[in-house]
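Down below is the structure, laid out as structure tokens.
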Amino acid sequence: MSNNTPDSSGTPGDPNPSQWEEIMRSLFGADADRALEELRARGIDPSNLAATGLPSDPAALAPMLDHVRKLLANEGGGAVNADVAHDVARQVSVSGGDPTIMANQEREVVQALSVAELWLDAATEFPPSGAKSRAMSRAQWVEATLPAWEKLVEPVAKSVSAALGEILKKNLPEGFGTSSDEHIGFEISGFPGMPSALEGIFSGGADFDPSRIMNQIGAAVFGMQIGTAAGTLSKEVFGLTDVGVPLSQDHETVLLPTNIDAFAEGLDTPISEVRIFLALREAAHARLFAHVPWLSSHLEALIASYARGITIDMEALEGQMRDIDPTDTGAMQAALSTGVFAIESTEDQEATLARLETALALIEGWVEVVVAQAAIAHLPSSIPLREMMRRRRAAGGPAEQTFASLVGLELRPRRSRDAATLWQFIAQERGAEARDSMWQHPDLLPTDQDLDDPTGYFTRREETGAEMSDLDAALAEIFQAADQGTLDDLEHYPDEDEDGDGTDGPETSSGQGDSDGPSAR
């Protein structure tokens with residue numbers, strides 16, 4: 001009796017190719033025939049993949065393959081895969097619950113921010129920011145802030161991607177990717193030999209650079225890192241300004257009711273007071289950044305300058321990657337989080353870090369003082385809430401630690417207490433107007449020396465002013481003397497041709513013979 005069972009070997013030209021061959025063709029696209037041919041030449045039959053432990057039904061792997069395609073797509077082409085970061089952040093933010101904002105919550109937030117603006121009018125010379133007020137869910141906070149986080153880590157992400165590419169190139173056989181006739185494979189960190197036809201999946205052409213694979217994987221890993229951190233942070237923050245730097249380009253003040261409710265649980269303070277206190281902080285930050293236009297760019301420049309000084313410890317990174325499958329993004333994510341950054345301890349780096357930490361401390365200290373002044377007459381619990389916020393900022397959280405591992409920098413104002421003391425002293429001595437006028441230009445801001453000795457602030461300013469006055473006077477004398485010297489020269493060497501010899505000024509010996517006698521005719 002004849003056997004009519006259809007052949008599922010999946011050989012070329014087979015009218016009934018195996019399901020595995022069909023799904024691999026959809027994965028490899030235009031390079032499918034060449035890729036399958038090379039797989040068979042290596043002894044790998046697509047129809048027998050189920051025997052390797054993979055599901056017998058390839059459709060069960062469709063979600064995984066879609067995930068792989070998304071990881072390697074990186075349509076934006078940047079050092080961070082924004083699509084991966086977005087998806088991971090959304091998943092993390094809603095894990096454990098992210099209730100939809102209800103109408104009553106929206107009203108409570110808008111009312112709290114409105115009251116906060118009224119109270120702040122009596123505490124600062126800066127007028128309201130004019131921002132729109134609204135409540136946000138955790139997922140909405142992620143959507144609003146992810147672009148800012150991607151921008152913060154991009155310099156470091158580029159360095160890591162380049163380092164991964166270099167490690168890959170070091171482990172490739174010479175001439176890899178230059179021959180289409182030989183079956184050239186490579187193995188790096190457990191990555192099995194790959195048919196050269198598969199190169200088209202990553203490069204889309206004949207000019208294949210193997211490091212592009214690692215660049216794409218690195219971008220995906222950084223996207224996962226940022227997404228995880230942003231999603232975790234969305235469960236801890238109360239608004240858009242908690243970390244001290246603007247995280248949204250939209251002109252709005254925001255509170256997250258779900259996080260505020262969780263924070264207020266177990267406190268003896270009524271939730272309404274907690275909400276208004278946090279609204280005061282959000283609105284004060286918004287006023288500062290709205291009316292000090294150079295501040296945002298100043299912070300971004302300092303962070304970028306610091307990030308440019310971060311180098312990758314190639315030995316540490318290669319050691320971390322040695323026993324890791326590069327296709328295992330979870331393992332790579334853990335490897336990149338531990339000990340691969342080498343911070344240059346140059347004077348420039350230390351100076352940049354000091355300026356950044358001082359700027360963040362001055363922002364937090366100013367907000368703390370202004371909020372305390374605005375709340376003291378209205379909120380009985382303002383003092384314990386102020387102290388609680390101080391401790392919260394000093395302790396940090398897991399998300400802040402994750403970003404520290406990503407960019408080698410903790411966005412936390414270490415000296416906010418000293419800064420608050422300084423701002424309070426300036427206001428007591430000269431008033432709120434003098435305090436707020438310090439934000440007119442970055443050169444006017446207090447320094448780390450002022451944080452060390454707040455009470456000597458005005459003495460140092462007066463001494464600096466006297467020195468500048470002496471310098472200005474000395475420069476004026478120099479310029480005056482220079483001007484007088486120019487006038488004297490003009491009188492001695494007139495521009496007009498007084499002697500009629502066709503030259504300006506007095507006659508010289510050049511071209512007129514020597515002093516021994518008249519020139520020969």
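All residue names refer to the structure tokens as shown: chains lettered A, B, ... in order, residues numbered from 1 in each chain, ligands numbered from 1 in order.
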
If we count only C-alpha atoms, what is near range 269-283 of chain A at a cut-off of 7 Å, once residues fewer than 3 positions away on the same chain are taken out, given as a PDB file with all heavy atoms, in the first residue's frame?
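In the end it all went to part11.pdb:
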ATOM      1  N   ALA A 112      -6.062  71.660  44.220  1.00  0.00           N
ATOM      2  CA  ALA A 112      -4.857  71.744  45.055  1.00  0.00           C
ATOM      3  C   ALA A 112      -3.783  72.597  44.384  1.00  0.00           C
ATOM      4  O   ALA A 112      -3.134  73.433  45.033  1.00  0.00           O
ATOM      5  CB  ALA A 112      -4.315  70.346  45.340  1.00  0.00           C
ATOM      6  N   LEU A 113      -3.591  72.430  43.094  1.00  0.00           N
ATOM      7  CA  LEU A 113      -2.598  73.223  42.379  1.00  0.00           C
ATOM      8  C   LEU A 113      -3.010  74.689  42.292  1.00  0.00           C
ATOM      9  O   LEU A 113      -2.160  75.594  42.321  1.00  0.00           O
ATOM     10  CB  LEU A 113      -2.375  72.647  40.977  1.00  0.00           C
ATOM     11  CG  LEU A 113      -1.623  71.311  40.945  1.00  0.00           C
ATOM     12  CD1 LEU A 113      -1.725  70.656  39.576  1.00  0.00           C
ATOM     13  CD2 LEU A 113      -0.147  71.510  41.313  1.00  0.00           C
ATOM     14  N   ALA A 116      -2.271  76.158  45.664  1.00  0.00           N
ATOM     15  CA  ALA A 116      -0.819  76.278  45.791  1.00  0.00           C
ATOM     16  C   ALA A 116      -0.317  77.542  45.110  1.00  0.00           C
ATOM     17  O   ALA A 116       0.561  78.249  45.645  1.00  0.00           O
ATOM     18  CB  ALA A 116      -0.144  75.047  45.199  1.00  0.00           C
ATOM     19  N   GLU A 117      -0.850  77.869  43.947  1.00  0.00           N
ATOM     20  CA  GLU A 117      -0.423  79.078  43.239  1.00  0.00           C
ATOM     21  C   GLU A 117      -0.749  80.332  44.053  1.00  0.00           C
ATOM     22  O   GLU A 117       0.060  81.268  44.115  1.00  0.00           O
ATOM     23  CB  GLU A 117      -1.082  79.151  41.860  1.00  0.00           C
ATOM     24  CG  GLU A 117      -0.687  78.051  40.890  1.00  0.00           C
ATOM     25  CD  GLU A 117       0.737  78.193  40.369  1.00  0.00           C
ATOM     26  OE1 GLU A 117       1.485  79.051  40.874  1.00  0.00           O
ATOM     27  OE2 GLU A 117       1.108  77.433  39.459  1.00  0.00           O
ATOM     28  N   GLY A 239       4.897  64.025  40.834  1.00  0.00           N
ATOM     29  CA  GLY A 239       4.644  64.949  39.732  1.00  0.00           C
ATOM     30  C   GLY A 239       5.729  64.844  38.689  1.00  0.00           C
ATOM     31  O   GLY A 239       6.412  63.808  38.579  1.00  0.00           O
ATOM     32  N   THR A 241       8.410  66.957  38.484  1.00  0.00           N
ATOM     33  CA  THR A 241       9.635  67.668  38.859  1.00  0.00           C
ATOM     34  C   THR A 241      10.372  67.033  40.039  1.00  0.00           C
ATOM     35  O   THR A 241      11.274  67.664  40.593  1.00  0.00           O
ATOM     36  CB  THR A 241       9.298  69.135  39.197  1.00  0.00           C
ATOM     37  OG1 THR A 241       8.350  69.157  40.268  1.00  0.00           O
ATOM     38  CG2 THR A 241       8.709  69.850  38.002  1.00  0.00           C
ATOM     39  N   THR A 253       1.570  71.479  35.019  1.00  0.00           N
ATOM     40  CA  THR A 253       1.878  71.011  36.369  1.00  0.00           C
ATOM     41  C   THR A 253       0.998  69.790  36.634  1.00  0.00           C
ATOM     42  O   THR A 253      -0.190  69.788  36.297  1.00  0.00           O
ATOM     43  CB  THR A 253       1.602  72.095  37.421  1.00  0.00           C
ATOM     44  OG1 THR A 253       0.277  72.614  37.243  1.00  0.00           O
ATOM     45  CG2 THR A 253       2.598  73.229  37.292  1.00  0.00           C
ATOM     46  N   ILE A 260       0.167  59.556  45.491  1.00  0.00           N
ATOM     47  CA  ILE A 260      -0.062  60.406  46.659  1.00  0.00           C
ATOM     48  C   ILE A 260      -0.880  59.663  47.705  1.00  0.00           C
ATOM     49  O   ILE A 260      -0.593  59.728  48.909  1.00  0.00           O
ATOM     50  CB  ILE A 260      -0.761  61.718  46.243  1.00  0.00           C
ATOM     51  CG1 ILE A 260       0.187  62.543  45.362  1.00  0.00           C
ATOM     52  CG2 ILE A 260      -1.193  62.523  47.464  1.00  0.00           C
ATOM     53  CD1 ILE A 260      -0.441  63.792  44.800  1.00  0.00           C
ATOM     54  N   ALA A 264       0.373  58.768  51.514  1.00  0.00           N
ATOM     55  CA  ALA A 264      -0.344  59.286  52.676  1.00  0.00           C
ATOM     56  C   ALA A 264      -0.838  58.192  53.606  1.00  0.00           C
ATOM     57  O   ALA A 264      -1.195  58.479  54.762  1.00  0.00           O
ATOM     58  CB  ALA A 264      -1.524  60.150  52.219  1.00  0.00           C
ATOM     59  N   ALA A 286       7.727  74.551  38.878  1.00  0.00           N
ATOM     60  CA  ALA A 286       7.253  75.060  37.589  1.00  0.00           C
ATOM     61  C   ALA A 286       7.531  76.552  37.447  1.00  0.00           C
ATOM     62  O   ALA A 286       7.939  77.020  36.376  1.00  0.00           O
ATOM     63  CB  ALA A 286       5.757  74.779  37.436  1.00  0.00           C
ATOM     64  N   ARG A 287       7.329  77.324  38.516  1.00  0.00           N
ATOM     65  CA  ARG A 287       7.621  78.764  38.464  1.00  0.00           C
ATOM     66  C   ARG A 287       9.103  79.009  38.200  1.00  0.00           C
ATOM     67  O   ARG A 287       9.467  79.873  37.384  1.00  0.00           O
ATOM     68  CB  ARG A 287       7.205  79.427  39.782  1.00  0.00           C
ATOM     69  CG  ARG A 287       5.714  79.528  39.993  1.00  0.00           C
ATOM     70  CD  ARG A 287       5.398  80.444  41.170  1.00  0.00           C
ATOM     71  NE  ARG A 287       3.966  80.490  41.456  1.00  0.00           N
ATOM     72  CZ  ARG A 287       3.342  81.540  41.990  1.00  0.00           C
ATOM     73  NH1 ARG A 287       4.021  82.628  42.306  1.00  0.00           N
ATOM     74  NH2 ARG A 287       2.046  81.490  42.221  1.00  0.00           N
ATOM     75  N   VAL A 367      13.254  75.507  46.401  1.00  0.00           N
ATOM     76  CA  VAL A 367      11.871  75.012  46.455  1.00  0.00           C
ATOM     77  C   VAL A 367      11.471  74.724  47.892  1.00  0.00           C
ATOM     78  O   VAL A 367      10.361  75.080  48.323  1.00  0.00           O
ATOM     79  CB  VAL A 367      11.721  73.744  45.574  1.00  0.00           C
ATOM     80  CG1 VAL A 367      10.385  73.055  45.843  1.00  0.00           C
ATOM     81  CG2 VAL A 367      11.853  74.100  44.102  1.00  0.00           C
ATOM     82  N   VAL A 371       8.400  76.785  49.581  1.00  0.00           N
ATOM     83  CA  VAL A 371       7.221  75.997  49.975  1.00  0.00           C
ATOM     84  C   VAL A 371       6.971  76.125  51.474  1.00  0.00           C
ATOM     85  O   VAL A 371       5.815  76.263  51.914  1.00  0.00           O
ATOM     86  CB  VAL A 371       7.402  74.527  49.557  1.00  0.00           C
ATOM     87  CG1 VAL A 371       6.334  73.645  50.208  1.00  0.00           C
ATOM     88  CG2 VAL A 371       7.332  74.392  48.038  1.00  0.00           C
ATOM     89  N   LEU A 379      -0.851  75.171  56.637  1.00  0.00           N
ATOM     90  CA  LEU A 379      -0.821  73.722  56.851  1.00  0.00           C
ATOM     91  C   LEU A 379      -0.158  73.404  58.186  1.00  0.00           C
ATOM     92  O   LEU A 379       1.053  73.589  58.341  1.00  0.00           O
ATOM     93  CB  LEU A 379      -0.047  73.023  55.722  1.00  0.00           C
ATOM     94  CG  LEU A 379      -0.631  73.124  54.309  1.00  0.00           C
ATOM     95  CD1 LEU A 379       0.261  72.388  53.323  1.00  0.00           C
ATOM     96  CD2 LEU A 379      -2.047  72.565  54.258  1.00  0.00           C
ATOM     97  N   SER A 381       0.695  70.672  59.380  1.00  0.00           N
ATOM     98  CA  SER A 381       1.655  69.566  59.269  1.00  0.00           C
ATOM     99  C   SER A 381       2.787  69.879  58.300  1.00  0.00           C
ATOM    100  O   SER A 381       3.495  68.962  57.875  1.00  0.00           O
ATOM    101  CB  SER A 381       0.921  68.301  58.807  1.00  0.00           C
ATOM    102  OG  SER A 381       0.254  68.530  57.583  1.00  0.00           O
TER     103      SER A 381
END

Q. Neighbours of Leu255 in chain A within 7 Å (only C-alpha atoms; same-chain residues fewer than 3 positions away dropped), as a count of residues only?
A. 6

Q. Which one is closest to Leu146 in chain A: A:Leu267, A:Ile383, A:Ala284, A:Ala230? Count only C-alpha atoms.
A. A:Ala230

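For the pair CA of Val142 in chain A and CA of Ala220 in chain A, the interatomic distance is 17.8 Å.
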
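In terms of minimum interatomic distance to Val115 in chain A, A:Ser133 ranks closest within A:Glu150, A:Ser133, A:Ile303, A:Asp98, counting only C-alpha atoms.
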
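Relative to CA of Ala85 in chain A, CA of Pro147 in chain A is found at 9.8 Å.
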
**Q.** Counting only C-alpha atoms, the option among A:Ile101, A:Met224, A:Ala144, A:Ala123 closest to Asp87 in chain A
**A.** A:Met224

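Counting from CA of Asn259 in chain A, the distance to CA of Met389 in chain A is 14.2 Å.
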
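When only C-alpha atoms are used to compute distances to Gln91 in chain A, the closest of the residues A:Arg107, A:His291, A:Arg138, A:Arg435 turns out to be A:Arg138.
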
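Using only C-alpha atoms, the smallest distance between any of A:Asp443, A:Glu106, A:Ser159, A:Asp453 and Phe425 in chain A comes from A:Asp453.
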
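Within range 411-444 of chain A, the backbone-based DSSP assignment of helix (DSSP H, G or I) covers Ser416, Arg417, Asp418, Ala419, Ala420, Thr421, Leu422, Trp423, Gln424, Phe425, Ile426, Ala427, Gln428, Glu429, Arg430, Ala432, Glu433, Ala434, Arg435, Asp436, Ser437, Met438, Trp439, Gln440, Pro442, Asp443 and Leu444 of chain A.
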
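Of the residues listed (A:Val94, A:Leu444, A:Ala79, A:Ile376), A:Ala79 shows the shortest atom-to-atom separation from Pro155 in chain A; distances use only C-alpha atoms.
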